[in-house]
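Heads up: the structure comes next, in C-alpha cells.
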Amino acid sequence: MHVDLTTTFPRRFVPAGADAGDWAQIEPLFRRLLDQVPDSPAALERWLEDVSELKAALGEERTRRYVAMTCQTDDPDRERAYLDFVEQIIPKLKPMAHALDEAYLHSPHRRMLPARYALFDRLAANRVALFRPENVSLETEETKLKQQYQKITGAMTVQFRGKEHTLQQMVPYLEEPDRATRQEAWELVVRRRLDDRDRLEALFEQVLALRARIAQNAGCADYREFAFRELERFDYTPGDCLRFHEAVETAVVPLVRRLQAGRRTNLSLATLRPWDLDVDPKGRPPLRPFQTVDDLVAGVEEIFRRVDPELGQQFRFMRDRDLLDLESRKGKAPGGYQSTMHERRVPFIFMNAVGVDGDLRTLLHEGGHAFHMLAARHDPLIDYRETPMEFSEVASMAMELLAAPHLGVFYPNPDEARRAQREALERVALLFPWVATIDAFQHWLYTHQGHSREERRAAWVRTFARFAPDVDFGGYEDVLDALWHRQLHLFIVPFYYIEYGIAEMGALQVWRRSRVDHAAAVRQYREALALGGTRPLRDLFRAAGAEFDLTVRTMGPLMRALEEALAGIED
Ligand SMILES: [Zn+2]
C-alpha cells in the first residue's frame with residue numbers, strides 16, 4: 001500500500017523529446033501502433049501499455065494547458081494554447097483512439113488476456129459501440145460552448161464597499177453576523193448572475209440541441225441513455241437514480257428541515273431567507289481558519305499527517321513539486337478541482353482560497369482525489385489509474401469526514417473546532433437534497449426533448465420545491481427561476497452530479513466505521529484507493545467497507561447516525 005513517490009515513468013514507446021502538442025510528431029506514433037499487429041497475448045499486453053503511454057503523454061499536454069488557462073483566464077495566449085489543443089489535436093486524436101480500440105477488439109489474442117483485463121475490455125467495447133465519427137466535430141463544438149460558460153461566469157465581478165470583488169470573494173460576506181450585510185452581498189451576487197441570465201439560457205439551449213444530435217447519431221433514444229453509457233455507468237440505471245431521489249426525499253429532507261428549524265430558532269427568525277444559510281446560527285463571528293495560503297498548506301499537511309502519516313508526506317511532495325495553485329485571483333476560473341498530469345503520474349490541485357472554513361473542506365476534498373491518483377499511479381494502464389467517478393468522490397468526501405476530528409489544527413479554541421466539525425457534518429446532510437435536485441432536473445431536461453424555456457423554468461421550480469429545505473425566496477422568484485445557472489455541471493459535465501450523492505453515501509459508511517475503529521477504516525480506505533479502476537464499482541465500495549445501495553434501506557440508517565453524531569457535538 002506504500003506509495004513510492006520517487007518512482008518516475010520514463011517514456012518507452014513515445015520518443016523522449018516528442019512534443020505531445022504537435023500533431024506532426026504524434027500521428028506517426030498512432031500509425032505505428034495501428035500497423036504493428038500484436039502476435040501473441042504477451043505482445044498485446046505490451047501494445048496496450050504503449051497505447052496507454054501515448055494517451056498519457058497527450059493527456060498530460062491537455063491538463064497542462066487546461067491548468068495554465070484556468071489559472072489565468074484573461075491571458076489570451078493561454079486560452080489560445082488550450083483552444084488549439086481542443087480544436088486541432090483532440091478532433092484528430094479521437095478517431096485514432098477509436099481505431100486503436102477497434103484494433104484491440106479485433107485482436108485474436110484479446111480473449112487470452114489475463115482476467116485483469118476484463119474491465120478494460122468492457123470499457124473499450126463500450127467506447128467503440130458509442131463512437132460515431134460525425135460526433136467528433138459536434139463534441140468539439142460542445143467543448144467550446146462549455147468554455148463560453150466558464151468565460152461568462154469567470155468574468156463576473158461586483159462592486160462592494162467601493163472595491164471590485166469576484167463572486168468567490170463575496171462568499172465570506174454571507175457568513176457575516178450582520179444580516180443587512182449578508183442580504184446586500186447576496187443580492188449583489190444574484191443580480192450580477194441575472195445580468196447574464198439570457199446569455200446563459202441561450203448558451204444552454206445550444207448545448208441541449210448539440211447533445212440531442214450527439215445522442216441521436218449514436219443511436220440512443222435520448223441524451224440520458226447516451227450519457228449513462230458515455231459516463232460508463234455499467235453498475236446502475238436511471239431507475240436507481242430515481243430511487244436515490246426517493247431516499248433523499250424520505251430520509252434526508254426531514255432531517256434537513258429539523259436542522260433548518262434549529263437554525264431558525266437560534267437566529268430568532270420567523271423564516272429563513274437565502275442569505276441566512278451560511279452565517280453561524282449562534283451569531284458568532286465567522287470562522288477564519290487561516291490568513292495566508294502558506295498557513296492553509298501547512299495546517300492541511302498536519303491534518304493529513306494525523307489521519308495517516310504517509311498521506312501527510314504525499315501532500316508535502318505536492319507542495320514541493322509546485323502542484324498546488326490555491327489562492328483566489330482575478331482572472332482565475334471559479335471553483336476547485338484536482339487534475340492529473342498523466343505522464344508524470346502526479347496530481348495537481350486548483351482552488352480559490354479566501355480564508356473561510358469552506359476552503360479547508362475544499363483542500364481536504366481535493367487532497368483525497370490527489371491521494372487516490374497517487375495510490376494507483378503504479379498501474380501501467382491509464383484506464384486503470386482512473387476510477388469510476390462514483391468511487392473517486394468517495395476518496396475525496398471520506399477524506400473530508402476522516403479529517404473532521406483534526407480540525408483543531410486550525411482552531412486551537414475547542415469551541416471553534418467543534419463548531420467546524422458540526423458544520424462539516426451538517427453540510428453532508430445538506431448536500432443530498434441539492435444533488436437530488438440537480439440530478440432529477442437533468443433527468444427531466446434530457447427526457448423532454450424540445451421543451452420550451454418556460455417549461456424548463458417550471459420543471460426547475462417544481463424539482464427545487466420537491467427537495468427544498470425551508471427557505472423563503474419570496475420577492476426573489478426571478479432568482480429562484482435561474483438558480484440552476486450557477487451549477488456549472490449542468491453546462492460542462494452533463495449528468496455528472498449524482499456521483500456526489502452516491503459517493504457521499506459511501507463516504508458516510510467509511511466515516512461510520514472510523515468512529516468505531518479509525519485505523520481500520522483508514523487502512524481499508526487506502527486499500528480501496530490503491531485498486532484504482534481495476535474493480536467494478538460495487539467491489540470498490542466493498543473494499544472500502546461500504547455497500548453500494550442507493551435506496552432508503554442504506555440512507556435511513558446513515559442519516560440516523562449523522563443526526564446522532566450531530567447531537568453529540570455541542571458547540
Ligand atoms: Zn471531487
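In the C-alpha cells, chains take letters A, B, ... by order of appearance, with residues numbered from 1 within each chain and ligands from 1 in the order shown.
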Per-residue nearest contacts of chain A to ligand 1 (8 Å; only C-alpha atoms and all ligand atoms) as JSON lines:
```
{"residue": "A:Tyr337", "atom": "CA", "partner": "ligand 1", "partner_atom_place_in_ligand_line": "1 (Zn)", "distance": 7.0}
{"residue": "A:Gln338", "atom": "CA", "partner": "ligand 1", "partner_atom_place_in_ligand_line": "1 (Zn)", "distance": 7.5}
{"residue": "A:His365", "atom": "CA", "partner": "ligand 1", "partner_atom_place_in_ligand_line": "1 (Zn)", "distance": 6.3}
{"residue": "A:Glu366", "atom": "CA", "partner": "ligand 1", "partner_atom_place_in_ligand_line": "1 (Zn)", "distance": 6.1}
{"residue": "A:His369", "atom": "CA", "partner": "ligand 1", "partner_atom_place_in_ligand_line": "1 (Zn)", "distance": 6.6}
{"residue": "A:Ser392", "atom": "CA", "partner": "ligand 1", "partner_atom_place_in_ligand_line": "1 (Zn)", "distance": 7.3}
{"residue": "A:Glu393", "atom": "CA", "partner": "ligand 1", "partner_atom_place_in_ligand_line": "1 (Zn)", "distance": 5.1}
{"residue": "A:Ser396", "atom": "CA", "partner": "ligand 1", "partner_atom_place_in_ligand_line": "1 (Zn)", "distance": 5.7}
{"residue": "A:Met397", "atom": "CA", "partner": "ligand 1", "partner_atom_place_in_ligand_line": "1 (Zn)", "distance": 7.2}
{"residue": "A:Tyr500", "atom": "CA", "partner": "ligand 1", "partner_atom_place_in_ligand_line": "1 (Zn)", "distance": 7.6}
```
Write out the residues from the selection above, keeping all heavy atoms, as a CSV table (one decimal), in the first residue's frame.
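And here is the file that came out, selection-v5.csv:
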```
chain,number,residue,atom,x,y,z
A,337,TYR,N,-10.6,22.1,-8.4
A,337,TYR,CA,-10.5,20.8,-9.0
A,337,TYR,C,-9.2,20.1,-8.7
A,337,TYR,O,-8.2,20.8,-8.4
A,337,TYR,CB,-10.8,20.8,-10.5
A,337,TYR,CG,-9.8,21.6,-11.3
A,337,TYR,CD1,-8.5,21.1,-11.6
A,337,TYR,CD2,-10.0,22.9,-11.8
A,337,TYR,CE1,-7.6,21.8,-12.3
A,337,TYR,CE2,-9.1,23.6,-12.5
A,337,TYR,CZ,-7.8,23.0,-12.8
A,337,TYR,OH,-6.9,23.7,-13.5
A,338,GLN,N,-9.1,18.8,-8.9
A,338,GLN,CA,-7.9,18.1,-8.9
A,338,GLN,C,-7.8,17.6,-10.3
A,338,GLN,O,-8.7,17.0,-10.8
A,338,GLN,CB,-7.9,17.0,-7.8
A,338,GLN,CG,-6.6,16.2,-7.8
A,338,GLN,CD,-6.6,15.0,-8.7
A,338,GLN,OE1,-7.6,14.3,-8.9
A,338,GLN,NE2,-5.5,14.7,-9.3
A,365,HIS,N,-10.8,17.9,0.5
A,365,HIS,CA,-11.5,17.1,-0.6
A,365,HIS,C,-10.6,16.8,-1.8
A,365,HIS,O,-10.4,15.7,-2.2
A,365,HIS,CB,-12.8,17.9,-1.0
A,365,HIS,CG,-13.6,17.3,-2.1
A,365,HIS,ND1,-14.7,16.6,-1.9
A,365,HIS,CD2,-13.3,17.2,-3.5
A,365,HIS,CE1,-15.2,16.2,-3.1
A,365,HIS,NE2,-14.4,16.5,-4.0
A,366,GLU,N,-10.0,17.9,-2.3
A,366,GLU,CA,-9.2,17.7,-3.5
A,366,GLU,C,-7.9,16.9,-3.1
A,366,GLU,O,-7.4,16.1,-3.9
A,366,GLU,CB,-8.7,19.0,-4.1
A,366,GLU,CG,-9.9,19.9,-4.5
A,366,GLU,CD,-10.9,19.3,-5.5
A,366,GLU,OE1,-10.6,18.3,-6.1
A,366,GLU,OE2,-12.1,19.8,-5.5
A,369,HIS,N,-8.7,13.3,-3.6
A,369,HIS,CA,-8.6,12.9,-5.0
A,369,HIS,C,-7.1,12.7,-5.3
A,369,HIS,O,-6.7,11.8,-6.1
A,369,HIS,CB,-9.1,14.0,-5.9
A,369,HIS,CG,-10.6,14.1,-6.0
A,369,HIS,ND1,-11.4,13.0,-6.2
A,369,HIS,CD2,-11.5,15.1,-5.9
A,369,HIS,CE1,-12.7,13.3,-6.2
A,369,HIS,NE2,-12.7,14.6,-6.0
A,392,SER,N,-14.4,7.7,-7.1
A,392,SER,CA,-13.4,8.7,-6.9
A,392,SER,C,-13.8,9.8,-5.9
A,392,SER,O,-13.0,10.3,-5.1
A,392,SER,CB,-12.8,9.3,-8.2
A,392,SER,OG,-13.8,9.9,-8.9
A,393,GLU,N,-15.1,10.0,-5.9
A,393,GLU,CA,-15.7,11.0,-4.9
A,393,GLU,C,-15.7,10.4,-3.5
A,393,GLU,O,-15.8,11.2,-2.5
A,393,GLU,CB,-17.0,11.6,-5.3
A,393,GLU,CG,-16.9,12.5,-6.6
A,393,GLU,CD,-16.0,13.7,-6.4
A,393,GLU,OE1,-15.9,14.2,-5.2
A,393,GLU,OE2,-15.4,14.2,-7.3
A,396,SER,N,-12.5,11.5,-2.0
A,396,SER,CA,-12.4,12.9,-1.5
A,396,SER,C,-13.3,13.2,-0.4
A,396,SER,O,-13.0,13.9,0.6
A,396,SER,CB,-12.7,13.8,-2.7
A,396,SER,OG,-13.9,13.4,-3.3
A,397,MET,N,-14.6,12.7,-0.5
A,397,MET,CA,-15.6,13.0,0.6
A,397,MET,C,-15.3,12.3,1.9
A,397,MET,O,-15.5,12.8,3.0
A,397,MET,CB,-16.9,12.6,0.1
A,397,MET,CG,-17.3,13.5,-1.1
A,397,MET,SD,-18.9,13.0,-1.8
A,397,MET,CE,-19.6,14.6,-2.2
A,500,TYR,N,-21.8,12.6,-6.7
A,500,TYR,CA,-21.5,13.2,-5.3
A,500,TYR,C,-22.4,12.6,-4.3
A,500,TYR,O,-22.0,12.3,-3.2
A,500,TYR,CB,-21.7,14.7,-5.4
A,500,TYR,CG,-20.7,15.4,-6.2
A,500,TYR,CD1,-21.0,16.0,-7.4
A,500,TYR,CD2,-19.4,15.6,-5.8
A,500,TYR,CE1,-20.1,16.7,-8.2
A,500,TYR,CE2,-18.4,16.2,-6.6
A,500,TYR,CZ,-18.8,16.8,-7.8
A,500,TYR,OH,-17.9,17.4,-8.6
```
Any chance you could list, as a ChimeraX atom specification, the residues in segment 122-315 of chain A that come up strand (DSSP E or B) when DSSP is run on the backbone? /A:157-160,163-166
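Across A:Leu200, A:Met156, A:Leu360, A:Ile89, the tightest approach to Phe491 of chain A is made by A:Leu200 when counting only C-alpha atoms.
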Residues near Leu277 of chain A, cut-off 10 Å, only C-alpha atoms, skip fewer than 6 positions along chain, as a PyMOL selection string: chain A and resi 174-175+182+260+263-264+471
Which neighbours of Asp4 of chain A fall inside 12 Å, counting only C-alpha atoms, when residues of the same chain fewer than 6 positions from it are skipped, and could you give them as a PyMOL selection string? chain A and resi 310-311+313-314+317+345-346+374-378
Mind listing the alpha helix (DSSP H) residues of segment 345-419 of chain A, per DSSP on the backbone, as a ChimeraX atom specification? /A:357-375,382-385,389-403,414-419
With only C-alpha atoms as the atoms that count, which of A:Val552, A:Ile569, A:Leu508, A:Leu194 lies nearest to Glu477 of chain A? A:Leu194
Using only C-alpha atoms, which residues sit within 10 Å of Leu255 of chain A once same-chain residues fewer than 3 positions away are excluded, as a PyMOL selection string? chain A and resi 248-252+258-261+426+429-430+469+559-560+562-563
Long-range neighbours of Gly545 of chain A as a ChimeraX atom specification, 7 Å cut-off, only C-alpha atoms, 3 positions minimum in chain: /A:510,524,541-542
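Each of A:Leu296, A:Leu324, A:Leu540, A:Leu529 was checked against Asp235 of chain A using only C-alpha atoms; the smallest atom-to-atom distance is that of A:Leu540.
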Test item: residues at most 12 Å from Thr143 of chain A, only C-alpha atoms, excluding those fewer than 6 positions along its chain, as a ChimeraX atom specification: /A:82-83,85-87,90-91,136-137,149-150,206-207,210-211,491-494
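Residue nearest Val189 of chain A, chosen from A:Leu203, A:Leu167, A:Leu231, A:Leu34 and counting only C-alpha atoms: A:Leu167.
The two atoms in question, atom CA of Thr265 of chain A and atom CA of Lys282 of chain A, are spaced 9.6 Å apart.
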Selected residue of minimal separation from Glu45 of chain A among A:Glu570, A:Leu381, A:Ala247, A:Glu201, counting only C-alpha atoms: A:Leu381
Distance criterion (only C-alpha atoms): nearest to Arg344 of chain A out of A:Ala57, A:Leu550, A:Ala521, A:Leu44: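 Ranking A:Ala57, A:Leu550, A:Ala521, A:Leu44 by distance to Arg344 of chain A, first place goes to A:Ala57.
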